[in-house]
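**Q** File structure-v9.cif below, mmCIF, C-alpha atoms:
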data_data
#
loop_
_atom_site.label_atom_id
_atom_site.label_comp_id
_atom_site.auth_asym_id
_atom_site.auth_seq_id
_atom_site.Cartn_x
_atom_site.Cartn_y
_atom_site.Cartn_z
CA MET D 1 35.55 -9.42 -25.65
CA ASN D 2 37.28 -6.10 -25.88
CA CYS D 3 39.34 -4.56 -23.11
CA THR D 4 36.73 -1.98 -21.96
CA ALA D 5 34.00 -4.56 -21.56
CA ALA D 6 36.31 -6.86 -19.60
CA ARG D 7 37.15 -4.00 -17.24
CA TRP D 8 33.49 -3.33 -16.39
CA LEU D 9 32.36 -6.95 -16.19
CA PRO D 10 33.32 -7.53 -12.50
CA PHE D 11 31.48 -4.39 -11.44
CA ALA D 12 28.41 -5.50 -13.33
CA VAL D 13 28.48 -8.91 -11.62
CA ILE D 14 28.87 -7.30 -8.17
CA ALA D 15 26.02 -4.90 -8.88
CA LEU D 16 23.80 -7.81 -9.89
CA LEU D 17 24.70 -9.74 -6.74
CA LEU D 18 24.01 -6.73 -4.52
CA SER D 19 20.76 -5.70 -6.12
CA PRO D 20 18.44 -7.86 -3.96
CA ALA D 21 19.95 -6.41 -0.81
CA LEU D 22 19.42 -2.88 -2.08
CA GLY D 23 15.75 -3.46 -2.63
CA THR D 24 13.83 -4.67 -5.59
CA VAL D 25 11.85 -2.54 -7.94
CA ALA D 26 8.35 -3.81 -7.43
CA GLN D 27 6.53 -1.66 -9.92
CA ALA D 28 7.78 0.97 -12.30
CA GLN D 29 4.48 2.40 -13.47
CA ALA D 30 0.98 2.85 -12.16
CA PRO D 31 -1.21 -0.05 -13.27
CA ALA D 32 -3.70 0.63 -16.01
CA TYR D 33 -7.35 1.01 -15.08
CA LYS D 34 -8.93 -2.43 -15.44
CA PRO D 35 -12.47 -2.39 -14.09
CA ASN D 36 -12.77 -6.16 -13.99
CA GLU D 37 -9.73 -6.67 -11.78
CA MET D 38 -10.65 -4.34 -8.95
CA SER D 39 -13.95 -2.55 -8.73
CA ILE D 40 -13.96 1.02 -7.52
CA TRP D 41 -15.84 -0.12 -4.44
CA GLN D 42 -13.22 -2.76 -3.72
CA ALA D 43 -10.50 -0.17 -4.21
CA ARG D 44 -12.24 2.09 -1.73
CA ARG D 45 -12.61 -0.77 0.75
CA THR D 46 -8.94 -1.71 0.31
CA LEU D 47 -7.91 1.73 1.48
CA THR D 48 -10.48 2.20 4.22
CA THR D 49 -11.34 -1.16 5.74
CA LYS D 50 -9.49 -2.98 8.50
CA PRO D 51 -7.02 -4.65 8.43
CA ASN D 52 -5.80 -3.02 5.26
CA LYS D 53 -5.38 0.46 6.60
CA VAL D 54 -1.97 1.84 5.97
CA LYS D 55 0.43 1.29 8.79
CA VAL D 56 2.63 4.32 9.04
CA ASN D 57 5.55 4.13 11.43
CA GLY D 58 3.59 1.79 13.67
CA TRP D 59 0.34 3.73 13.49
CA TYR D 60 -2.73 2.78 11.53
CA SER D 61 -3.98 5.87 9.83
CA PRO D 62 -7.43 5.82 8.24
CA ILE D 63 -7.87 7.45 4.88
CA ARG D 64 -10.99 9.17 3.74
CA PHE D 65 -11.94 10.44 0.34
CA SER D 66 -13.16 13.87 -0.56
CA ALA D 67 -16.82 13.91 -1.48
CA ASN D 68 -16.38 15.36 -4.93
CA SER D 69 -13.66 13.01 -6.06
CA PHE D 70 -15.60 9.78 -5.77
CA GLU D 71 -19.11 10.04 -7.10
CA MET U 1 12.43 9.65 14.06
CA ASN U 2 9.61 11.77 12.72
CA SER U 3 8.01 13.75 15.53
CA LYS U 4 5.07 15.06 13.52
CA LYS U 5 1.67 14.00 14.77
CA VAL U 6 0.02 11.30 12.69
CA PRO U 7 -3.21 12.71 11.28
CA GLU U 8 -6.42 10.94 12.17
CA THR U 9 -7.67 11.15 8.62
CA VAL U 10 -6.10 12.08 5.35
CA LYS U 11 -7.97 13.68 2.52
CA VAL U 12 -6.89 12.11 -0.73
CA ASP U 13 -7.39 14.10 -3.89
CA LEU U 14 -8.08 11.30 -6.32
CA VAL U 15 -7.72 13.43 -9.43
CA THR U 16 -4.11 14.17 -8.63
CA ALA U 17 -3.06 11.01 -6.88
CA PRO U 18 -0.98 8.73 -9.06
CA VAL U 19 0.88 6.38 -6.74
CA VAL U 20 3.53 3.85 -7.67
CA ILE U 21 5.69 1.57 -5.57
CA THR U 22 9.26 2.49 -6.32
CA ASN U 23 10.96 -0.20 -4.29
CA CYS U 24 10.52 -2.64 -1.43
CA TRP U 25 12.95 -3.54 1.31
CA ARG U 26 12.30 -5.91 4.18
CA THR U 27 8.83 -5.18 5.56
CA GLN U 28 8.39 -1.91 3.78
CA CYS U 29 7.72 -0.42 0.42
CA ARG U 30 8.41 3.10 -0.72
CA LEU U 31 5.65 4.87 -2.56
CA SER U 32 6.32 7.57 -5.09
CA LYS U 33 5.42 11.13 -4.28
CA SER U 34 7.29 13.29 -6.75
CA SER U 35 4.49 13.12 -9.28
CA VAL U 36 1.86 14.14 -6.75
CA PRO U 37 1.22 17.90 -6.83
CA LYS U 38 2.10 19.91 -3.77
CA ASN U 39 -0.57 21.30 -1.46
CA THR U 40 -2.76 18.24 -1.88
CA GLY U 41 -3.77 15.93 0.91
CA LEU U 42 -1.93 12.98 -0.56
CA ARG U 43 1.30 14.92 -1.05
CA ASP U 44 1.15 16.08 2.56
CA TYR U 45 0.58 12.48 3.60
CA LEU U 46 3.39 11.06 1.52
CA GLU U 47 5.83 13.75 2.62
CA ARG U 48 5.14 13.04 6.25
CA PHE U 49 6.49 9.52 6.02
CA ASP U 50 8.69 7.90 3.45
CA TRP U 51 8.03 4.28 4.20
CA TYR U 52 4.88 2.25 4.55
CA ASP U 53 4.78 -1.06 6.39
CA PHE U 54 3.01 -3.89 4.67
CA GLY U 55 4.41 -6.99 6.33
CA PRO U 56 4.86 -8.32 9.86
CA ASP U 57 8.40 -9.65 9.64
CA THR U 58 10.15 -9.95 6.34
CA CYS U 59 8.93 -8.63 3.05
CA SER U 60 7.78 -11.80 1.36
CA ALA U 61 5.88 -12.01 -1.89
CA ASP U 62 2.71 -11.41 0.16
CA CYS U 63 4.12 -8.17 1.48
CA VAL U 64 4.90 -6.89 -2.00
CA HIS U 65 1.50 -8.10 -3.22
CA THR U 66 -0.22 -6.18 -0.42
CA ALA U 67 1.74 -3.08 -1.28
CA GLU U 68 0.87 -3.47 -4.95
CA THR U 69 -2.80 -3.90 -4.07
CA PHE U 70 -2.63 -0.76 -1.98
CA ALA U 71 -1.09 1.27 -4.81
CA ALA U 72 -3.48 -0.29 -7.35
CA ALA U 73 -6.46 0.69 -5.22
CA PHE U 74 -5.29 4.29 -5.19
CA ASN U 75 -4.77 4.23 -8.92
CA VAL U 76 -8.08 2.54 -9.73
CA LEU U 77 -9.88 5.34 -7.90
CA SER U 78 -7.62 7.96 -9.42
CA ALA U 79 -8.25 6.60 -12.93
CA PHE U 80 -11.97 6.49 -12.27
CA ALA U 81 -11.92 10.10 -11.11
CA LYS U 82 -10.26 11.06 -14.40
CA ASP U 83 -12.47 8.89 -16.61
CA THR U 84 -15.26 11.23 -17.64
CA ASN U 85 -16.81 8.56 -19.87
CA ALA U 86 -17.23 5.93 -17.15
CA PRO U 87 -20.81 4.55 -17.33
CA LEU U 88 -21.25 5.08 -13.59
CA ARG U 89 -20.89 8.84 -14.02
CA THR U 90 -24.20 8.97 -15.85
CA SER U 91 -25.93 6.22 -13.89
CA THR U 92 -28.94 8.42 -12.98
CA GLN U 93 -29.62 9.36 -16.60
CA ARG U 94 -29.01 5.78 -17.69
CA ALA U 95 -31.41 4.51 -15.03
CA ALA U 96 -34.14 6.90 -16.21
CA ALA U 97 -33.67 5.86 -19.84
CA TRP U 98 -33.63 2.19 -18.83
CA ARG U 99 -36.85 2.53 -16.82
CA ALA U 100 -38.54 4.12 -19.80
CA LEU U 101 -37.84 1.12 -22.00
CA ALA U 102 -40.91 -1.04 -22.54
CA THR U 103 -38.77 -4.12 -23.07
CA LYS U 104 -35.59 -4.35 -21.03
CA PRO U 105 -32.57 -5.46 -23.02
CA PRO U 106 -30.51 -8.45 -21.83
CA ILE U 107 -27.30 -7.65 -20.01
CA PRO U 108 -24.22 -7.42 -22.28
CA ASP U 109 -22.10 -10.55 -22.69
CA GLU U 110 -19.18 -9.16 -20.68
CA VAL U 111 -21.52 -8.40 -17.78
CA ASN U 112 -23.00 -11.87 -18.05
CA VAL U 113 -19.49 -13.27 -17.60
CA GLN U 114 -19.22 -11.25 -14.40
CA ARG U 115 -22.54 -12.69 -13.25
CA LEU U 116 -21.42 -16.26 -13.94
CA MET U 117 -18.12 -15.68 -12.14
CA ALA U 118 -19.93 -14.16 -9.16
CA GLU U 119 -22.32 -17.12 -8.93
CA ASP U 120 -19.39 -19.50 -9.14
CA ALA U 121 -17.59 -17.62 -6.36
CA ILE U 122 -20.70 -17.90 -4.18
CA LYS U 123 -20.77 -21.67 -4.73
CA GLU U 124 -17.13 -21.78 -3.66
CA ASN U 125 -17.98 -19.75 -0.56
CA LYS U 126 -15.92 -16.73 -1.62
CA PRO U 127 -18.25 -13.80 -0.94
CA ASP U 128 -15.56 -11.12 -1.30
CA GLU U 129 -14.72 -12.42 -4.76
CA ALA U 130 -18.39 -12.66 -5.71
CA LEU U 131 -18.97 -9.08 -4.61
CA ASN U 132 -16.09 -7.85 -6.71
CA TYR U 133 -17.48 -9.63 -9.78
CA TYR U 134 -20.94 -8.16 -9.26
CA GLU U 135 -19.44 -4.73 -8.77
CA GLY U 136 -17.28 -5.17 -11.87
CA GLY U 137 -20.46 -5.87 -13.82
CA ILE U 138 -22.20 -2.81 -12.34
CA GLU U 139 -19.26 -0.65 -13.34
CA LEU U 140 -19.59 -1.83 -16.91
CA TYR U 141 -23.39 -1.72 -16.97
CA PRO U 142 -24.99 0.25 -14.12
CA THR U 143 -28.54 -0.54 -15.28
CA TRP U 144 -28.36 -4.08 -13.90
CA PRO U 145 -30.92 -4.43 -11.09
CA GLU U 146 -30.08 -8.03 -10.15
CA GLY U 147 -26.37 -7.20 -9.96
CA ASN U 148 -27.03 -4.25 -7.67
CA PHE U 149 -29.42 -6.26 -5.50
CA ASN U 150 -27.07 -9.21 -5.08
CA ALA U 151 -24.08 -6.93 -4.50
CA ALA U 152 -26.05 -5.14 -1.77
CA LEU U 153 -26.89 -8.37 0.05
CA ILE U 154 -23.33 -9.71 -0.12
CA ALA U 155 -21.84 -6.37 0.94
CA ALA U 156 -24.16 -6.28 3.95
CA GLU U 157 -23.23 -9.86 4.82
CA LEU U 158 -19.58 -8.81 4.79
CA LYS U 159 -20.49 -5.76 6.93
CA TYR U 160 -19.65 -3.26 4.18
CA PHE U 161 -22.81 -1.35 5.02
CA ALA U 162 -22.01 1.87 3.16
CA ASP U 163 -21.53 -0.06 -0.07
CA ALA U 164 -24.58 -2.22 0.62
CA ILE U 165 -26.73 0.92 0.95
CA GLU U 166 -25.26 2.36 -2.24
CA HIS U 167 -26.03 -0.80 -4.23
CA MET U 168 -29.55 -1.19 -2.83
CA GLN U 169 -30.36 2.46 -3.59
CA ALA U 170 -29.17 1.85 -7.16
CA TYR U 171 -31.46 -1.19 -7.30
CA LEU U 172 -34.46 0.86 -6.13
CA GLU U 173 -33.63 3.59 -8.61
CA LEU U 174 -33.88 1.03 -11.39
CA VAL U 175 -36.96 -0.83 -10.17
CA PRO U 176 -38.83 1.45 -7.76
CA ASN U 177 -42.02 -0.59 -8.13
CA ALA U 178 -40.44 -3.99 -7.60
CA ALA U 179 -42.36 -6.46 -5.46
CA ASP U 180 -39.58 -6.34 -2.86
CA ALA U 181 -39.09 -2.56 -2.97
CA GLN U 182 -40.51 -2.07 0.51
CA ALA U 183 -38.30 -4.82 1.94
CA ALA U 184 -35.29 -3.31 0.16
CA GLN U 185 -36.05 0.10 1.63
CA GLU U 186 -36.27 -1.42 5.10
CA LYS U 187 -32.93 -3.15 4.64
CA ILE U 188 -31.39 0.23 3.82
CA LEU U 189 -32.77 1.66 7.06
CA ILE U 190 -31.29 -1.24 9.04
CA TRP U 191 -27.91 -0.91 7.32
CA GLN U 192 -27.85 2.84 7.97
CA VAL U 193 -28.10 2.14 11.69
CA LYS U 194 -25.53 -0.65 11.55
CA ALA U 195 -23.12 1.53 9.59
CA LYS U 196 -23.01 3.96 12.50
CA GLN U 197 -22.38 1.28 15.14
#
Here is the file; what I need is its structure written in the form of structure tokens.
**A**
Amino acid sequence: MNCTAARWLPFAVIALLLSPALGTVAQAQAPAYKPNEMSIWQARRTLTTKPNKVKVNGWYSPIRFSANSFE
Amino acid sequence: MNSKKVPETVKVDLVTAPVVITNCWRTQCRLSKSSVPKNTGLRDYLERFDWYDFGPDTCSADCVHTAETFAAAFNVLSAFAKDTNAPLRTSTQRAAAWRALATKPPIPDEVNVQRLMAEDAIKENKPDEALNYYEGGIELYPTWPEGNFNAALIAAELKYFADAIEHMQAYLELVPNAADAQAAQEKILIWQVKAKQ
């Protein structure tokens, strides 16, 4: 191991140990459209039906869709 | 503390609404907003609050899964809005062409798999799962009367009346002269009332 790598190794270990506390990256990219996994109706229900409404700062805020974007 | 009033409803522009979860911490997940164009309902919504709660106490795997499902739901609808070739977009024309056929073709193999999975889910008493399989089949092949009819009944059973009406109307569009057409029409009327309650 060369000198530069040895110098950075402790920082890399600390960063790895701290990473869970800093939050984990759950998803880097939007999932691809797979009709069989979630139907568009199920997707709509997920966003609009209790108890899956989005809780925002303690409030449940319903979401509606514009008429021309889901037809 | 954000003092802005929480809106009662939020208009989501599905064409311009790609949402990703950037990171999760404790009970909350952060959703991306930089890629959402300004002056859209979703951008306004995402700018109002940075964090979205998905769990009661600590952010377990369930919490992350719920957040992922939430983002996936947005993106499924967004992708559908962008997909100009989706069979459902031309369901009316497809229904007319299908009705005109003297001999109805069998459902495609991939739709038949959805049917089998739905029937299996019903046997296992998982109506939500069964509904999703039927709806998956309808997405692939909208000219499927039995799929629409069964999806309508299950959706109504689960009290998703708006979806039940949508599926039963699709059924009647395909087979307007079916023996149970009158009964189907009456079910729609009942569900329309229940949907408002």
**Q** For a test of reading the model, state the distance in Å between atom CA of U:Asn148 and atom CA of D:Ser39, rounded to one decimal.
**A**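 These two atoms are separated by 13.2 Å.
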**Q** Using all atoms listed in the file - which residues lie no farther than 12 Å from the point (-29.4, 7.0, -14.5) in the file's frame? Write them as a short mmCIF file (atom, residue, chain, number, x, y, z; two decimals) with C-alpha atoms, in the coordinates of the input.
**A**
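Saved as selection30.cif:
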data_model
loop_
_atom_site.label_atom_id
_atom_site.label_comp_id
_atom_site.auth_asym_id
_atom_site.auth_seq_id
_atom_site.Cartn_x
_atom_site.Cartn_y
_atom_site.Cartn_z
CA PRO U 87 -20.81 4.55 -17.33
CA LEU U 88 -21.25 5.08 -13.59
CA ARG U 89 -20.89 8.84 -14.02
CA THR U 90 -24.20 8.97 -15.85
CA SER U 91 -25.93 6.22 -13.89
CA THR U 92 -28.94 8.42 -12.98
CA GLN U 93 -29.62 9.36 -16.60
CA ARG U 94 -29.01 5.78 -17.69
CA ALA U 95 -31.41 4.51 -15.03
CA ALA U 96 -34.14 6.90 -16.21
CA ALA U 97 -33.67 5.86 -19.84
CA TRP U 98 -33.63 2.19 -18.83
CA ARG U 99 -36.85 2.53 -16.82
CA ALA U 100 -38.54 4.12 -19.80
CA TYR U 141 -23.39 -1.72 -16.97
CA PRO U 142 -24.99 0.25 -14.12
CA THR U 143 -28.54 -0.54 -15.28
CA TRP U 144 -28.36 -4.08 -13.90
CA GLN U 169 -30.36 2.46 -3.59
CA ALA U 170 -29.17 1.85 -7.16
CA TYR U 171 -31.46 -1.19 -7.30
CA LEU U 172 -34.46 0.86 -6.13
CA GLU U 173 -33.63 3.59 -8.61
CA LEU U 174 -33.88 1.03 -11.39
CA VAL U 175 -36.96 -0.83 -10.17
#
**Q** Enumerate, as a list in words, the residues matched when the PyMOL selection byres ((chain U and resi 109-117) around 8) is run on the file above.
**A**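 Matching residues under the PyMOL selection byres ((chain U and resi 109-117) around 8) are Ile107, Pro108, Ala118, Glu119, Asp120, Ala121, Ala130, Tyr133, Tyr134, Gly136, Gly137, Ile138, Leu140, Tyr141 and Gly147 of chain U.
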**Q** Write out as JSON, numbers by chain each polymer residue whose atoms come within 10 Å of D:Met38, counting only C-alpha atoms; drop sequence neighbours fewer than 2 positions from it.
**A** {"D": [33, 34, 35, 36, 40, 41, 42, 43, 44, 46], "U": [69, 72, 73, 76, 77, 129, 132, 133, 135, 136]}
**Q** From the options U:Ala195, U:Ala151, U:Ala184, U:Leu189, which residue's atoms come nearest to U:Glu139, counting all atoms listed in the file?
**A**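 Among the listed residues, U:Ala151 lies closest to U:Glu139.
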